[in-house]
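See below for coords.pdb, which holds PDB, C-alpha atoms.
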ATOM      1  CA  MET A 206       0.000   0.000   0.000
ATOM      2  CA  SER A 207       1.320   3.420  -0.895
ATOM      3  CA  SER A 208       1.058   6.513   1.239
ATOM      4  CA  ILE A 209       0.014  10.107   0.748
ATOM      5  CA  THR A 210       2.360  12.923   1.701
ATOM      6  CA  SER A 211       0.642  15.897   3.288
ATOM      7  CA  LEU A 212       1.531  19.202   1.658
ATOM      8  CA  ARG A 213       0.929  20.944   4.971
ATOM      9  CA  ASP A 214       3.365  19.088   7.229
ATOM     10  CA  GLY A 215       5.187  16.644   4.926
ATOM     11  CA  CYS A 216       3.995  13.632   6.956
ATOM     12  CA  LYS A 217       3.086  10.424   5.201
ATOM     13  CA  THR A 218      -0.354   8.999   5.902
ATOM     14  CA  ALA A 219      -2.212   5.954   4.669
ATOM     15  CA  PRO A 220      -4.780   6.673   1.959
ATOM     16  CA  PRO A 221      -8.369   6.802   3.201
ATOM     17  CA  ARG A 222     -10.314   3.557   3.034
ATOM     18  CA  ARG A 223     -13.588   3.323   1.153
ATOM     19  CA  THR A 224     -16.527   2.060   3.170
ATOM     20  CA  ALA A 225     -19.054   1.859   0.298
ATOM     21  CA  PRO A 226     -19.149   1.827  -3.506
ATOM     22  CA  PHE A 227     -18.405   5.102  -5.303
ATOM     23  CA  ASP A 228     -22.061   5.576  -6.246
ATOM     24  CA  LEU A 229     -23.096   5.580  -2.571
ATOM     25  CA  GLU A 230     -20.407   7.795  -1.085
ATOM     26  CA  PRO A 231     -17.282   9.633  -2.245
ATOM     27  CA  GLY A 232     -14.165   7.550  -2.174
ATOM     28  CA  PHE A 233     -10.465   7.862  -2.847
ATOM     29  CA  TYR A 234      -9.296   5.857  -5.836
ATOM     30  CA  GLU A 235      -5.671   5.283  -4.976
ATOM     31  CA  PRO A 236      -4.302   4.067  -8.335
ATOM     32  CA  ALA A 237      -5.229   7.414  -9.959
ATOM     33  CA  ASN A 238      -4.868   9.520  -6.806
ATOM     34  CA  LEU A 239      -8.380  10.940  -7.325
ATOM     35  CA  TRP A 240     -11.617  11.265  -5.408
ATOM     36  CA  LEU A 241     -14.628   9.793  -7.210
ATOM     37  CA  TYR A 242     -18.361   9.979  -6.571
ATOM     38  CA  GLY A 243     -21.021   8.475  -8.777
ATOM     39  CA  ASN A 244     -21.196   6.250 -11.821
ATOM     40  CA  THR A 245     -17.646   4.960 -12.341
ATOM     41  CA  ARG A 246     -18.855   2.737 -15.201
ATOM     42  CA  LEU A 247     -18.737   5.888 -17.340
ATOM     43  CA  LEU A 248     -14.945   5.495 -17.431
ATOM     44  CA  GLU A 249     -15.517   2.460 -19.659
ATOM     45  CA  SER A 250     -17.441   4.551 -22.222
ATOM     46  CA  LYS A 251     -16.394   6.611 -25.221
ATOM     47  CA  LEU A 252     -15.026   9.693 -23.455
ATOM     48  CA  VAL A 253     -14.469  13.129 -25.006
ATOM     49  CA  CYS A 254     -13.588  16.626 -23.908
ATOM     50  CA  ILE A 255     -13.877  19.949 -25.671
ATOM     51  CA  THR A 256     -10.507  21.664 -25.688
ATOM     52  CA  GLU A 257     -12.071  25.005 -26.632
ATOM     53  CA  THR A 258     -13.347  25.244 -23.038
ATOM     54  CA  PHE A 259      -9.787  25.324 -21.680
ATOM     55  CA  GLY A 260      -7.940  28.455 -20.655
ATOM     56  CA  PRO A 261      -9.055  31.904 -19.509
ATOM     57  CA  ASP A 262     -12.752  32.675 -19.268
ATOM     58  CA  CYS A 263     -12.849  35.132 -22.153
ATOM     59  CA  HIS A 264     -15.046  33.356 -24.703
ATOM     60  CA  SER A 265     -17.307  35.437 -26.914
ATOM     61  CA  PRO A 266     -21.027  34.624 -27.146
ATOM     62  CA  CYS A 267     -20.378  33.103 -30.585
ATOM     63  CA  GLN A 268     -17.607  30.902 -29.184
ATOM     64  CA  LEU A 269     -19.873  29.755 -26.326
ATOM     65  CA  ASP A 270     -22.603  28.885 -28.829
ATOM     66  CA  GLU A 271     -20.092  26.865 -30.854
ATOM     67  CA  ILE A 272     -18.924  25.019 -27.717
ATOM     68  CA  GLU A 273     -22.537  24.192 -26.925
ATOM     69  CA  ARG A 274     -23.184  22.937 -30.485
ATOM     70  CA  LYS A 275     -20.054  20.796 -30.364
ATOM     71  CA  ALA A 276     -21.073  19.344 -26.991
ATOM     72  CA  GLU A 277     -24.520  18.561 -28.341
ATOM     73  CA  GLN A 278     -23.116  16.740 -31.374
ATOM     74  CA  LEU A 279     -20.786  14.679 -29.175
ATOM     75  CA  VAL A 280     -23.609  13.756 -26.802
ATOM     76  CA  LEU A 281     -25.917  12.844 -29.687
ATOM     77  CA  ASP A 282     -23.094  10.662 -31.068
ATOM     78  CA  GLY A 283     -23.242   8.649 -27.826
ATOM     79  CA  LYS A 284     -20.058   9.991 -26.283
ATOM     80  CA  ILE A 285     -19.592  10.842 -22.602
ATOM     81  CA  LEU A 286     -18.530  14.443 -22.087
ATOM     82  CA  VAL A 287     -15.767  15.145 -19.570
ATOM     83  CA  THR A 288     -15.942  18.772 -18.438
ATOM     84  CA  GLY A 289     -15.444  21.144 -15.540
ATOM     85  CA  ILE A 290     -17.593  23.893 -14.084
ATOM     86  CA  HIS A 291     -15.010  26.565 -13.278
ATOM     87  CA  ASN A 292     -15.793  28.900 -16.178
ATOM     88  CA  SER A 293     -18.674  29.801 -18.467
ATOM     89  CA  ALA A 294     -17.406  27.648 -21.347
ATOM     90  CA  HIS A 295     -17.249  24.531 -19.172
ATOM     91  CA  GLN A 296     -20.686  25.283 -17.744
ATOM     92  CA  ARG A 297     -22.194  25.707 -21.222
ATOM     93  CA  ALA A 298     -20.782  22.299 -22.161
ATOM     94  CA  ALA A 299     -21.847  20.700 -18.859
ATOM     95  CA  ILE A 300     -25.546  21.489 -19.289
ATOM     96  CA  VAL A 301     -25.833  19.880 -22.732
ATOM     97  CA  PRO A 302     -25.918  16.271 -21.444
ATOM     98  CA  LEU A 303     -28.627  17.324 -18.963
ATOM     99  CA  ARG A 304     -30.874  18.562 -21.780
ATOM    100  CA  TRP A 305     -30.624  15.181 -23.497
ATOM    101  CA  GLY A 306     -30.776  13.013 -20.371
ATOM    102  CA  ALA A 307     -27.216  11.827 -20.999
ATOM    103  CA  PRO A 308     -24.501  11.146 -18.423
ATOM    104  CA  ARG A 309     -21.389  13.273 -17.960
ATOM    105  CA  ILE A 310     -18.156  13.296 -16.010
ATOM    106  CA  VAL A 311     -17.667  16.558 -14.118
ATOM    107  CA  ILE A 312     -14.260  17.526 -12.756
ATOM    108  CA  PHE A 313     -14.362  19.761  -9.679
ATOM    109  CA  SER A 314     -11.612  21.998  -8.340
ATOM    110  CA  GLY A 315     -12.720  21.385  -4.766
ATOM    111  CA  GLY A 316     -14.350  18.800  -2.590
ATOM    112  CA  PHE A 317     -17.706  17.290  -3.411
ATOM    113  CA  PHE A 318     -19.445  18.789  -0.371
ATOM    114  CA  HIS A 319     -18.609  22.307  -1.563
ATOM    115  CA  HIS A 320     -19.840  21.699  -5.102
ATOM    116  CA  LEU A 321     -22.759  19.318  -4.477
ATOM    117  CA  GLY A 322     -23.905  20.414  -0.997
ATOM    118  CA  GLN A 323     -23.886  18.576   2.309
ATOM    119  CA  GLU A 324     -26.300  15.924   1.024
ATOM    120  CA  LEU A 325     -24.278  15.521  -2.204
ATOM    121  CA  ASN A 326     -27.413  16.045  -4.265
ATOM    122  CA  GLN A 327     -27.294  19.620  -5.627
ATOM    123  CA  GLU A 328     -26.428  20.408  -9.213
ATOM    124  CA  PRO A 329     -23.154  22.350  -8.992
ATOM    125  CA  PHE A 330     -24.247  25.605 -10.663
ATOM    126  CA  ARG A 331     -27.467  27.550 -11.104
ATOM    127  CA  THR A 332     -28.066  27.029 -14.831
ATOM    128  CA  ALA A 333     -27.719  23.258 -14.433
ATOM    129  CA  ARG A 334     -30.546  23.316 -11.882
ATOM    130  CA  LEU A 335     -32.879  24.564 -14.615
ATOM    131  CA  TRP A 336     -32.388  21.253 -16.426
ATOM    132  CA  ARG A 337     -32.111  18.860 -13.505
ATOM    133  CA  TYR A 338     -33.077  19.683  -9.955
ATOM    134  CA  GLU A 339     -30.591  17.375  -8.220
ATOM    135  CA  TRP A 340     -27.203  15.802  -8.916
ATOM    136  CA  ASP A 341     -27.752  12.190  -9.976
ATOM    137  CA  ARG A 342     -24.964   9.967  -8.665
ATOM    138  CA  ASN A 343     -26.349   7.027 -10.632
ATOM    139  CA  THR A 344     -26.040   8.903 -13.923
ATOM    140  CA  ASP A 345     -23.013  11.196 -13.582
ATOM    141  CA  LEU A 346     -19.508  10.877 -12.178
ATOM    142  CA  ALA A 347     -17.835  13.588 -10.099
ATOM    143  CA  VAL A 348     -14.030  13.651  -9.962
ATOM    144  CA  SER A 349     -11.745  15.778  -7.807
ATOM    145  CA  LEU A 350      -8.109  16.026  -6.855
ATOM    146  CA  ARG A 351      -9.221  17.318  -3.450
ATOM    147  CA  ALA A 352     -10.848  15.498  -0.532
ATOM    148  CA  PRO A 353     -14.654  15.820  -0.215
ATOM    149  CA  THR A 354     -14.475  18.443   2.552
ATOM    150  CA  LYS A 355     -11.844  20.683   0.927
ATOM    151  CA  LEU A 356     -12.607  24.102  -0.521
ATOM    152  CA  PRO A 357     -12.060  24.655  -4.247
ATOM    153  CA  THR A 358      -9.625  26.858  -6.002
ATOM    154  CA  PHE A 359     -11.771  29.776  -7.070
ATOM    155  CA  GLY A 360     -10.042  30.755 -10.323
ATOM    156  CA  LYS A 361     -12.015  30.814 -13.553
ATOM    157  CA  ASN A 362      -8.814  29.840 -15.329
ATOM    158  CA  ASN A 363      -7.695  26.542 -13.840
ATOM    159  CA  PRO A 364      -4.975  24.862 -15.941
ATOM    160  CA  THR A 365      -4.669  21.982 -13.456
ATOM    161  CA  ILE A 366      -8.324  21.054 -13.877
ATOM    162  CA  ASP A 367      -8.151  21.600 -17.646
ATOM    163  CA  ARG A 368      -5.194  19.167 -17.835
ATOM    164  CA  LEU A 369      -7.086  16.606 -15.739
ATOM    165  CA  ILE A 370     -10.131  16.928 -18.005
ATOM    166  CA  ALA A 371      -7.924  16.380 -21.055
ATOM    167  CA  LYS A 372      -6.167  13.374 -19.518
ATOM    168  CA  ILE A 373      -9.447  11.668 -18.589
ATOM    169  CA  GLY A 374     -11.163  12.631 -21.854
ATOM    170  CA  ASN A 375      -8.231  11.272 -23.860
ATOM    171  CA  ARG A 376      -7.784   8.200 -21.623
ATOM    172  CA  GLU A 377      -4.248   9.219 -20.713
ATOM    173  CA  LEU A 378      -4.469   9.239 -16.924
ATOM    174  CA  PRO A 379      -2.347   6.475 -15.390
ATOM    175  CA  GLY A 380      -4.229   4.496 -12.802
ATOM    176  CA  LEU A 381      -7.742   4.923 -14.163
ATOM    177  CA  ILE A 382      -9.139   1.772 -15.678
ATOM    178  CA  PHE A 383     -10.528   2.496 -19.123
ATOM    179  CA  SER A 384     -11.959  -0.100 -21.444
ATOM    180  CA  HIS A 385     -10.190  -0.539 -24.773
ATOM    181  CA  GLN A 386     -12.505   1.355 -27.132
TER     182      GLN A 386
END
Since I need it in another form, could you write the structure as structure tokens?
Amino acid sequence: MSSITSLRDGCKTAPPRRTAPFDLEPGFYEPANLWLYGNTRLLESKLVCITETFGPDCHSPCQLDEIERKAEQLVLDGKILVTGIHNSAHQRAAIVPLRWGAPRIVIFSGGFFHHLGQELNQEPFRTARLWRYEWDRNTDLAVSLRAPTKLPTFGKNNPTIDRLIAKIGNRELPGLIFSHQ
């Protein structure tokens, strides 16, 4: 068993143990060094990300419309969208699967309790709540580098999260088990 080194004090600790499946409670997936909550079977699907959502939050209305159209085409093609919520472009992409009743993988910059509420059932941003009232752990997968109780990084430009989205969307993240599609 490996250990986790605390950035605060440099001490090594054992990784937290899961007490239930990922769709019942958040858990630490040690091989990928990530926190997961929800439908992990999505990792076996055809995953995609939209690279136009990456970078600073300075997209024009036309660019946001194009991101939304691209997300819609990918969803209608049966692909699972991997996206964040930290800027308007990611949010525009993240609501498209909701409109079509499709699953998505959402990467958070903070812990699940901050983004999904204490009951882990709130959609993570206001516009998403127009399409689906509550987060559905049986449909979607939440992923975070940070423990469930940790606060997020509040930047609208988050290169770390963008890189994680790209690695998962392109099946390049060591430790995550992807099917061979």
In Å, rounded to a single decimal, give me how far CA of Thr344 in chain A is from CA of Ser250 in chain A.
-> 12.7 Å
Selection result for the PyMOL selection byres ((chain A and resi 382) around 12) on this file, as an mmCIF file with C-alpha atoms, in the frame of the given file:
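out.cif was written with the following content:
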data_model
loop_
_atom_site.group_PDB
_atom_site.id
_atom_site.type_symbol
_atom_site.label_atom_id
_atom_site.label_comp_id
_atom_site.auth_asym_id
_atom_site.auth_seq_id
_atom_site.Cartn_x
_atom_site.Cartn_y
_atom_site.Cartn_z
ATOM 1 C CA TYR A 234 -9.296 5.857 -5.836
ATOM 2 C CA GLU A 235 -5.671 5.283 -4.976
ATOM 3 C CA PRO A 236 -4.302 4.067 -8.335
ATOM 4 C CA ALA A 237 -5.229 7.414 -9.959
ATOM 5 C CA THR A 245 -17.646 4.960 -12.341
ATOM 6 C CA ARG A 246 -18.855 2.737 -15.201
ATOM 7 C CA LEU A 247 -18.737 5.888 -17.340
ATOM 8 C CA LEU A 248 -14.945 5.495 -17.431
ATOM 9 C CA GLU A 249 -15.517 2.460 -19.659
ATOM 10 C CA SER A 250 -17.441 4.551 -22.222
ATOM 11 C CA ILE A 373 -9.447 11.668 -18.589
ATOM 12 C CA ARG A 376 -7.784 8.200 -21.623
ATOM 13 C CA GLU A 377 -4.248 9.219 -20.713
ATOM 14 C CA LEU A 378 -4.469 9.239 -16.924
ATOM 15 C CA PRO A 379 -2.347 6.475 -15.390
ATOM 16 C CA GLY A 380 -4.229 4.496 -12.802
ATOM 17 C CA LEU A 381 -7.742 4.923 -14.163
ATOM 18 C CA PHE A 383 -10.528 2.496 -19.123
ATOM 19 C CA SER A 384 -11.959 -0.100 -21.444
ATOM 20 C CA HIS A 385 -10.190 -0.539 -24.773
ATOM 21 C CA GLN A 386 -12.505 1.355 -27.132
#
Any chance you could tabulate, as JSON lines, the residues of range 271-352 of chain A at most 12 Å from range 261-266 of chain A with each one's nearest atom pair and distance in Å to one decimal, using all atoms listed in the file, in chain and rising number order?
{"residue": "A:Glu271", "atom": "CA", "partner": "A:Pro266", "partner_atom": "CA", "distance": 8.7}
{"residue": "A:Ile272", "atom": "CA", "partner": "A:His264", "partner_atom": "CA", "distance": 9.7}
{"residue": "A:Glu273", "atom": "CA", "partner": "A:Pro266", "partner_atom": "CA", "distance": 10.5}
{"residue": "A:Ile290", "atom": "CA", "partner": "A:Asp262", "partner_atom": "CA", "distance": 11.3}
{"residue": "A:His291", "atom": "CA", "partner": "A:Asp262", "partner_atom": "CA", "distance": 8.8}
{"residue": "A:Asn292", "atom": "CA", "partner": "A:Asp262", "partner_atom": "CA", "distance": 5.7}
{"residue": "A:Ser293", "atom": "CA", "partner": "A:Asp262", "partner_atom": "CA", "distance": 6.6}
{"residue": "A:Ala294", "atom": "CA", "partner": "A:His264", "partner_atom": "CA", "distance": 7.0}
{"residue": "A:His295", "atom": "CA", "partner": "A:Asp262", "partner_atom": "CA", "distance": 9.3}
{"residue": "A:Gln296", "atom": "CA", "partner": "A:Asp262", "partner_atom": "CA", "distance": 11.0}
{"residue": "A:Arg297", "atom": "CA", "partner": "A:Pro266", "partner_atom": "CA", "distance": 10.8}
CA of Arg351 in chain A to CA of Gly316 in chain A, distance in Å rounded to a single decimal | 5.4 Å
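Straight-line separation from CA of Leu279 in chain A to CA of Ala371 in chain A: 15.3 Å.
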Residues picked by the PyMOL selection byres ((chain A and resi 305) around 10) here, as an MDAnalysis selection string?
-> chainID A and resid 277 280:281 300:304 306:308 336
Please identify all polymer residues within 12 Å of Phe359 in chain A, counting all atoms listed in the file, omitting same-chain residues fewer than 2 positions from it, and present them as a short mmCIF file (atom, residue, chain, number, x, y, z; two decimals) with C-alpha atoms, keeping the file's coordinate frame.
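Output file selection-v4.cif is given in full below:
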data_model
loop_
_atom_site.label_atom_id
_atom_site.label_comp_id
_atom_site.auth_asym_id
_atom_site.auth_seq_id
_atom_site.Cartn_x
_atom_site.Cartn_y
_atom_site.Cartn_z
CA ILE A 290 -17.59 23.89 -14.08
CA HIS A 291 -15.01 26.56 -13.28
CA ASN A 292 -15.79 28.90 -16.18
CA PHE A 313 -14.36 19.76 -9.68
CA SER A 314 -11.61 22.00 -8.34
CA GLY A 315 -12.72 21.38 -4.77
CA HIS A 319 -18.61 22.31 -1.56
CA HIS A 320 -19.84 21.70 -5.10
CA LEU A 356 -12.61 24.10 -0.52
CA PRO A 357 -12.06 24.66 -4.25
CA LYS A 361 -12.02 30.81 -13.55
CA ASN A 362 -8.81 29.84 -15.33
CA ASN A 363 -7.70 26.54 -13.84
CA ILE A 366 -8.32 21.05 -13.88
#
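The smallest atom-to-atom distance between Asp345 in chain A and any of A:Asp282, A:Phe233, A:Leu269, A:Val311, using all atoms listed in the file, is found for A:Val311.
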Name all residues at most 6 Å from Ser349 in chain A (count only C-alpha atoms; drop same-chain ones fewer than 5 positions away) and give them as a PyMOL selection string.
-> chain A and resi 239-240+312-313
